[in-house]
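Visitor: The structure's right below; bear with me while I get my questions together.
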Amino acid sequence: MKKHFALVFFLAVGLTVQAQQGGISFEMLNQIKQSYQNSASDKAIRNALGTNGIDQLAINQANRANFDTHFTYKVKSIGITNQKSSGRCWLFTGMNVLRAQMINQYKLDGMEFSKNYIFFYDQLKKAYLFLQGINYTAKKPLEDRTVDWLFQHPLSDGGTFTGVADLIQKYGLVPADVMPETYASNNTSKMRSLIGLKLKEYGLQLRDAVSKGTKASAIQQQKTEMLGTIYRMLAINLGEPVQKFTWALKDGEPKEYTPQSFYKEFLGNDLTNDYVLLMNDPSREYYKCYEIDYDRHVYDGHNWIYVNLPIDEIKEIAIASIKDNTNMYFSCDVGKFIDRERGLLDVNNFDYDSLMGTTFGMDKKQRIQTYASMSSHAMTLMAVDLDKNGKSKKWMVENSWGMTGYNGHLIMTDEWFNEYMFRLVAQKKYVPAKVMELLKQKPILLPAWDPMFSQDN
């Protein structure tokens with residue numbers, strides 16, 4: 001026993017000495033400190049940063065002149081939506097694409113669909129997806145990468161276009177006033193946290209049931225009962241989804257609809273088969289199809305399967321769609337170089353280099369590889385400004401942050417688009433035949449923790 005204790009003691013001491021030898025010594029620290037001269041300019045910056053944010057001091061005054069708001073082509077849309085304190089930008093964006101279509105088709109003064117209605121099913125379906133994932137991985141150790149990821153991500157209010165497609169195709173749509181927003185739908189964090197906590201508890205129970213050899217039929221019944229609890233939690237927070245309602249166009253005759261019949265009559269888009277999901281990811285080979293595991297909203301739905309294209313080819317598709325008065329689901333890394341007050345996304349908005357006395361030199365590929373940049377927010381791409389040669393100069397998106405930015409919109413320079421745009425969903429009729437051929441490939445399956453897996457919120 002004494003020999004064992006001595007071995008452990010000396011091993012611990014050895015590791016401590018090794019750590020000390022490999023750490024920052026006082027001599028090394030003195031060398032490091034030489035980089036900060038505490039000059040007059042250093043003092044001025046230090047004093048300013050003591051009471052001001054970095055972005056405030058890094059504003060590039062040379063880029064503050066009034067920016068051009070003219071666009072060569074612009075899809076008509078009326079009204080601005082507000083996701084408030086929720087991660088549902090993916091849902092707002094998908095519905096904003098559809099509401100613009102309905103406004104233009106029926107010459108309406110405005111139209112908005114209920115996000116709360118679809119969000120209820122989104123959360124219920126994601127809960128089942130988690131339980132199924134836990135069921136299938138139950139024999140793997142908790143330390144397994146997939147199991148670990150599942151327990152870290154039991155439920156999210158973020159999402160992608162695949163959720164828009166799978167949920168609306170199955171459950172239809174209803175007008176906003178048929179199932180209005182609630183406090184919980186506008187402020188999702190607490191509800192999502194509590195449901196996620198319950199799902200983690202259920203996940204451990206499922207793993208235990210599998211380890212004891214419980215029959216599959218009994219486990220399925222157990223999952224059904226678990227979802228009953230989740231359904232109640234959703235119902236008391238969001239209300240139960242409407243089954244039938246009466247509605248009419250302005251000056252039209254009221255008619256009874258189901259959510260599915262309403263969608264079929266006024267829109268009817270085949271969201272699953274008539275759209276192509278495009279990505280600009282320079283960290284992976286172009287002209288290949290990729291699929292991200294568990295990147296879906298419903299168990300029986302579709303993972304995010306996309307074609308990876310150079311940015312210029314994505315721009316050509318986007319321009320063709322906007323010229324034809326059709327806006328698109330678009331997502332990007334919206335937090336980078338954003339001037340929220342003016343509603344401008346421009347890589348020249350802030351001069352961090354001069355303020356910090358260094359450069360930030362990673363390109364788009366390197367930022368993706370190091371998790372420094374990824375798709376974080378979805379918006380509706382609806383305008384482009386072209387030069388005399390038909391090349392894009394700037395773009396505009398309809399946002400879902402209420403009346404912020406440029407009248408509820410964000411304008412982005414073409415350079416910013418190059419660096420921080422990631423996803424675009426376009427109708428097939430705007431996609432070249434050579435790109436459509438790529439969809440015949442067997443997608444390369446990527447794990448759920450891939451750097452490009454990020455649900456827009």
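For the structure tokens, the naming scheme is as follows: chains receive sequential letters (A, B, ...) according to their order of presentation, residues are indexed from 1 within each chain, and ligands are indexed from 1 in presentation order.
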Extract the full set of alpha helix (DSSP H) residues from segment 168-305 of chain A according to DSSP on the backbone, and format it as a ChimeraX atom specification.

Guide: /A:168-171,183-186,189-211,216-238,259-266

Visitor: Can I get the selection written as an mmCIF file, in the first residue's frame, with C-alpha atoms?

Guide:
```cif
data_model
loop_
_atom_site.group_PDB
_atom_site.id
_atom_site.type_symbol
_atom_site.label_atom_id
_atom_site.label_comp_id
_atom_site.auth_asym_id
_atom_site.auth_seq_id
_atom_site.Cartn_x
_atom_site.Cartn_y
_atom_site.Cartn_z
ATOM 1 C CA ILE A 168 -45.413 22.772 -43.822
ATOM 2 C CA GLN A 169 -45.791 19.932 -46.336
ATOM 3 C CA LYS A 170 -47.288 17.755 -43.609
ATOM 4 C CA TYR A 171 -49.145 20.205 -41.372
ATOM 5 C CA TYR A 183 -45.185 34.868 -24.464
ATOM 6 C CA ALA A 184 -43.427 31.504 -24.681
ATOM 7 C CA SER A 185 -43.306 31.493 -28.495
ATOM 8 C CA ASN A 186 -41.770 34.974 -28.490
ATOM 9 C CA SER A 189 -35.487 29.995 -23.822
ATOM 10 C CA LYS A 190 -37.192 28.917 -20.570
ATOM 11 C CA MET A 191 -39.709 26.589 -22.194
ATOM 12 C CA ARG A 192 -36.991 25.062 -24.361
ATOM 13 C CA SER A 193 -34.693 24.669 -21.347
ATOM 14 C CA LEU A 194 -37.320 22.847 -19.284
ATOM 15 C CA ILE A 195 -38.353 20.557 -22.134
ATOM 16 C CA GLY A 196 -34.697 19.864 -22.867
ATOM 17 C CA LEU A 197 -34.119 18.997 -19.209
ATOM 18 C CA LYS A 198 -37.018 16.558 -19.295
ATOM 19 C CA LEU A 199 -35.754 15.001 -22.517
ATOM 20 C CA LYS A 200 -32.329 14.397 -20.980
ATOM 21 C CA GLU A 201 -34.034 12.623 -18.078
ATOM 22 C CA TYR A 202 -36.044 10.547 -20.537
ATOM 23 C CA GLY A 203 -32.882 9.807 -22.505
ATOM 24 C CA LEU A 204 -31.260 8.178 -19.472
ATOM 25 C CA GLN A 205 -34.432 6.175 -18.821
ATOM 26 C CA LEU A 206 -34.439 4.870 -22.393
ATOM 27 C CA ARG A 207 -30.781 3.846 -22.170
ATOM 28 C CA ASP A 208 -31.570 2.018 -18.932
ATOM 29 C CA ALA A 209 -34.544 0.231 -20.510
ATOM 30 C CA VAL A 210 -32.426 -0.945 -23.448
ATOM 31 C CA SER A 211 -29.636 -2.145 -21.133
ATOM 32 C CA ALA A 216 -38.957 -2.893 -28.489
ATOM 33 C CA SER A 217 -42.758 -2.619 -28.268
ATOM 34 C CA ALA A 218 -42.555 -1.643 -24.599
ATOM 35 C CA ILE A 219 -39.869 0.941 -25.343
ATOM 36 C CA GLN A 220 -42.026 2.403 -28.114
ATOM 37 C CA GLN A 221 -44.919 2.709 -25.678
ATOM 38 C CA GLN A 222 -42.567 4.362 -23.204
ATOM 39 C CA LYS A 223 -41.566 6.926 -25.827
ATOM 40 C CA THR A 224 -45.223 7.610 -26.636
ATOM 41 C CA GLU A 225 -45.934 8.315 -22.954
ATOM 42 C CA MET A 226 -42.881 10.563 -22.775
ATOM 43 C CA LEU A 227 -44.107 12.546 -25.760
ATOM 44 C CA GLY A 228 -47.460 12.930 -23.998
ATOM 45 C CA THR A 229 -45.702 14.897 -21.279
ATOM 46 C CA ILE A 230 -43.843 16.988 -23.858
ATOM 47 C CA TYR A 231 -47.126 17.658 -25.689
ATOM 48 C CA ARG A 232 -48.712 18.984 -22.509
ATOM 49 C CA MET A 233 -45.734 21.238 -21.811
ATOM 50 C CA LEU A 234 -46.012 22.647 -25.330
ATOM 51 C CA ALA A 235 -49.791 23.029 -25.155
ATOM 52 C CA ILE A 236 -49.778 25.060 -21.943
ATOM 53 C CA ASN A 237 -47.064 27.330 -23.373
ATOM 54 C CA LEU A 238 -48.122 27.670 -27.003
ATOM 55 C CA PRO A 259 -54.334 24.032 -42.272
ATOM 56 C CA GLN A 260 -53.548 21.623 -45.099
ATOM 57 C CA SER A 261 -56.420 22.756 -47.342
ATOM 58 C CA PHE A 262 -55.544 26.407 -46.726
ATOM 59 C CA TYR A 263 -51.947 25.835 -47.830
ATOM 60 C CA LYS A 264 -52.992 23.834 -50.869
ATOM 61 C CA GLU A 265 -55.508 26.443 -52.070
ATOM 62 C CA PHE A 266 -53.434 29.600 -51.632
#
```

Visitor: Per residue of segment 141-182 of chain A within 8 Å of segment 282-305 of chain A, record the nearest atom pair and its distance in Å to one decimal, counting only C-alpha atoms, with rows in chain order and ascending residue number, as JSON lines.

Guide:
```
{"residue": "A:Gly159", "atom": "CA", "partner": "A:His297", "partner_atom": "CA", "distance": 7.3}
{"residue": "A:Thr160", "atom": "CA", "partner": "A:Trp304", "partner_atom": "CA", "distance": 7.7}
{"residue": "A:Thr162", "atom": "CA", "partner": "A:Trp304", "partner_atom": "CA", "distance": 6.1}
{"residue": "A:Gly163", "atom": "CA", "partner": "A:His297", "partner_atom": "CA", "distance": 5.1}
{"residue": "A:Asp166", "atom": "CA", "partner": "A:Gly301", "partner_atom": "CA", "distance": 6.0}
{"residue": "A:Leu167", "atom": "CA", "partner": "A:Val298", "partner_atom": "CA", "distance": 7.9}
```

Visitor: Just the selected residues (N, CA and C atoms), exported as a short mmCIF file (atom, residue, chain, number, x, y, z; two decimals), in the first residue's frame, please.

Guide:
```cif
data_model
loop_
_atom_site.label_atom_id
_atom_site.label_comp_id
_atom_site.auth_asym_id
_atom_site.auth_seq_id
_atom_site.Cartn_x
_atom_site.Cartn_y
_atom_site.Cartn_z
N GLY A 159 -33.13 26.29 -36.63
CA GLY A 159 -33.46 25.32 -37.67
C GLY A 159 -32.96 25.71 -39.03
N THR A 160 -33.43 25.00 -40.04
CA THR A 160 -33.03 25.23 -41.43
C THR A 160 -34.25 25.10 -42.33
N THR A 162 -34.98 22.76 -44.28
CA THR A 162 -35.55 21.40 -44.27
C THR A 162 -36.72 21.31 -43.30
N GLY A 163 -36.63 22.03 -42.19
CA GLY A 163 -37.72 22.06 -41.24
C GLY A 163 -38.95 22.76 -41.83
N ASP A 166 -40.43 20.16 -44.48
CA ASP A 166 -41.05 18.96 -43.94
C ASP A 166 -42.29 19.27 -43.11
N LEU A 167 -42.23 20.33 -42.32
CA LEU A 167 -43.35 20.64 -41.43
C LEU A 167 -44.54 21.22 -42.18
#
```

Visitor: Tell me, which residues of segment 161-299 of chain A carry DSSP strand (DSSP E or B), written as a PyMOL selection string?

Guide: chain A and resi 175+187+245-247+255-257+275-279+288-292

Visitor: So the first atom is atom CA of Leu267 of chain A and the second is atom CA of Gln105 of chain A; what is the distance between them in Å, to one decimal place?

Guide: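 Pair atom CA of Leu267 of chain A / atom CA of Gln105 of chain A returns 9.2 Å.
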
Visitor: Per residue of segment 203-315 of chain A within 12 Å of segment 319-339 of chain A, what are the shortest atom pair and its distance in Å to one decimal, counting only C-alpha atoms, with rows by chain and residue number, as JSON lines?

Guide:
```
{"residue": "A:Leu271", "atom": "CA", "partner": "A:Tyr329", "partner_atom": "CA", "distance": 11.7}
{"residue": "A:Tyr275", "atom": "CA", "partner": "A:Met328", "partner_atom": "CA", "distance": 10.1}
{"residue": "A:Val276", "atom": "CA", "partner": "A:Tyr329", "partner_atom": "CA", "distance": 10.6}
{"residue": "A:Leu277", "atom": "CA", "partner": "A:Tyr329", "partner_atom": "CA", "distance": 9.3}
{"residue": "A:Leu278", "atom": "CA", "partner": "A:Phe330", "partner_atom": "CA", "distance": 9.6}
{"residue": "A:Met279", "atom": "CA", "partner": "A:Ser331", "partner_atom": "CA", "distance": 9.6}
{"residue": "A:Asn280", "atom": "CA", "partner": "A:Cys332", "partner_atom": "CA", "distance": 10.2}
{"residue": "A:Asp281", "atom": "CA", "partner": "A:Cys332", "partner_atom": "CA", "distance": 11.5}
{"residue": "A:Asp312", "atom": "CA", "partner": "A:Ile319", "partner_atom": "CA", "distance": 10.6}
{"residue": "A:Glu313", "atom": "CA", "partner": "A:Ile319", "partner_atom": "CA", "distance": 10.0}
{"residue": "A:Ile314", "atom": "CA", "partner": "A:Ile319", "partner_atom": "CA", "distance": 8.7}
{"residue": "A:Lys315", "atom": "CA", "partner": "A:Ile319", "partner_atom": "CA", "distance": 6.1}
```

Visitor: Could you tell me how far atom CA of Asp251 of chain A lies from atom CA of Ser114 of chain A, in Å and to one decimal?

Guide: 21.5 Å

Visitor: What lies within 12 Å of segment 359-368 of chain A using only C-alpha atoms, ignoring chain neighbours under 3 positions off, as a PyMOL selection string?

Guide: chain A and resi 280-285+311+333+336+351-356+371-375+415-422+450-454

Visitor: Once you have the residues from the selection above, write them out as a compact mmCIF listing (two decimals), in the first residue's frame, restricted to C-alpha atoms.

Guide:
```txt
# COMPACT_ATOMS: atom_id res chain seq x y z
CA ASN A 280 -20.72 28.01 -50.24
CA ASP A 281 -18.19 26.12 -48.11
CA PRO A 282 -14.63 26.57 -49.41
CA SER A 283 -13.35 24.15 -46.75
CA ARG A 284 -14.82 21.29 -48.81
CA GLU A 285 -14.65 20.22 -52.43
CA ILE A 311 -19.84 31.84 -54.59
CA ASP A 333 -22.94 34.83 -40.35
CA LYS A 336 -19.78 39.87 -38.51
CA ASP A 351 -11.29 48.74 -38.23
CA TYR A 352 -10.29 46.22 -35.59
CA ASP A 353 -6.75 45.99 -36.92
CA SER A 354 -5.86 49.60 -36.12
CA LEU A 355 -7.51 49.51 -32.70
CA MET A 356 -5.91 46.24 -31.62
CA TYR A 371 -15.29 27.46 -35.94
CA ALA A 372 -14.68 31.20 -36.27
CA SER A 373 -17.53 31.61 -38.75
CA MET A 374 -20.64 29.64 -39.67
CA SER A 375 -24.26 30.18 -40.64
CA GLU A 415 -17.59 41.72 -50.61
CA TRP A 416 -19.43 40.93 -47.37
CA PHE A 417 -21.67 38.51 -49.31
CA ASN A 418 -18.54 36.70 -50.54
CA GLU A 419 -17.11 36.31 -47.05
CA TYR A 420 -20.10 35.55 -44.84
CA MET A 421 -22.89 34.12 -47.00
CA PHE A 422 -23.33 30.36 -46.57
CA ASP A 450 -19.25 19.24 -38.34
CA PRO A 451 -18.16 22.92 -38.38
CA MET A 452 -20.79 23.73 -40.99
CA PHE A 453 -23.62 22.27 -38.90
CA SER A 454 -25.36 25.25 -37.39
```

Visitor: When you look at Ser400 of chain A with a cut-off of 8 Å (counting only C-alpha atoms), what residues show up, excluding the ones that are within fewer than 2 positions of it in the same chain? I need them as an mmCIF file with C-alpha atoms, in the first residue's frame.

Guide:
```
data_model
loop_
_atom_site.group_PDB
_atom_site.id
_atom_site.type_symbol
_atom_site.label_atom_id
_atom_site.label_comp_id
_atom_site.auth_asym_id
_atom_site.auth_seq_id
_atom_site.Cartn_x
_atom_site.Cartn_y
_atom_site.Cartn_z
ATOM 1 C CA ILE A 80 -41.828 43.395 -41.378
ATOM 2 C CA THR A 81 -41.993 40.471 -38.958
ATOM 3 C CA ASN A 82 -40.358 40.126 -35.540
ATOM 4 C CA GLN A 83 -39.083 36.876 -34.051
ATOM 5 C CA CYS A 89 -35.427 33.026 -37.849
ATOM 6 C CA PHE A 92 -39.837 33.432 -40.175
ATOM 7 C CA THR A 93 -37.629 33.365 -43.268
ATOM 8 C CA MET A 379 -33.217 36.036 -43.732
ATOM 9 C CA GLU A 398 -35.751 41.211 -45.358
ATOM 10 C CA GLY A 402 -38.845 44.108 -36.312
ATOM 11 C CA GLY A 408 -36.488 46.250 -41.181
#
```

Visitor: As an exercise, work out the distance from atom CA of Ala383 of chain A to atom CA of Lys428 of chain A in Å and give it to one decimal place.

Guide: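 Between these atoms lies a distance of 19.1 Å.
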
Visitor: Calculated over only C-alpha atoms, which of the candidates A:Asp122, A:Lys140, A:Val307, A:Gln152 has the smallest distance to Pro241 of chain A?

Guide: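 Closest to Pro241 of chain A, using only C-alpha atoms: A:Asp122.
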
Visitor: Find the residue from A:Phe113, A:Tyr121, A:Phe130, A:Trp247 that sits nearest to Glu181 of chain A; use only C-alpha atoms when measuring.

Guide: A:Phe113

Visitor: With only C-alpha atoms as the basis for distance, which of A:Trp90, A:Phe350, A:Tyr430, A:Trp149 is at the shortest distance from Arg64 of chain A?

Guide: A:Phe350
